[in-house]
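Chemist: One structure is given below, represented as structure tokens, and several questions about it will come after.
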Amino acid sequence: MPRFPHLPAARAIAAKPRIEALCSAPGLVYSAVRWAACPLCGAAAGVPCRTRPDRADHLYRWLDAYSAARITRDQITGEVIRLVVVTKWCVIPERTP
């Protein structure tokens, strides 16, 4: 049984080069994550979940973007690896270039 039954492996593999090309700049990755509104805090699409003290988004939003094939596995791994505690409520701060 695949981890994400609604996202077949073939579709994810085929989409990876396209996603990497679209999300090569860090700002574009955050745009892909913020494509939809956050169901946890109600942040609108295109707006970070938290703006102070730094811009950040809930892990739930990142997982949603990954399952919708808007970001790659490598991109989400690069962010999640920085977390100490992993819950859907934790926020992932935006990296400054």
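In the structure tokens, the first chain shown is A, the next is B, and so on; residue numbers restart at 1 for each chain, and ligands run from 1 in the order shown.
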Please give the complete set of residues from range 50-94 of chain A that DSSP, run on the backbone, assigns to strand (DSSP E), formatted as a ChimeraX atom specification.
Modeler: /A:56-58,91-93
Chemist: Please identify all polymer residues within 12 Å of range 81-83 of chain A, counting only C-alpha atoms, omitting same-chain residues fewer than 5 positions from it, and present them as number ranges by chain.
Modeler: A: 58-59, 73-76, 88-95
Chemist: Just the residues within 10 Å of Ala44 in chain A, please, counting only C-alpha atoms, with nothing from its chain fewer than 6 positions along; format it as a list in words.
Modeler: Arg34, Trp35, Ala36, Ala37 and Cys38 of chain A
Chemist: Return the single residue from A:Val47, A:Arg55, A:Val29, A:Gly42 that is closest to Glu79 in chain A, with distances computed using only C-alpha atoms.
Modeler: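 Of the candidates, the smallest distance to Glu79 in chain A is held by A:Val29.
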Chemist: Do a neighbour search on Asp64 in chain A at 8 Å with only C-alpha atoms, toss out local chain neighbours closer than 4 positions, and write the hits as a PyMOL selection string.
Modeler: chain A and resi 33+60+68
Chemist: What's the 8 Å shell around Arg70 in chain A, counting only C-alpha atoms, without same-chain residues fewer than 3 positions away, as a PyMOL selection string?
Modeler: chain A and resi 19+32-33+65-67
Chemist: Just checking: using only C-alpha atoms, which residue out of A:Val85, A:Ala43, A:Thr77, A:Gly27 ends up closest to Arg61 in chain A?
Modeler: A:Ala43
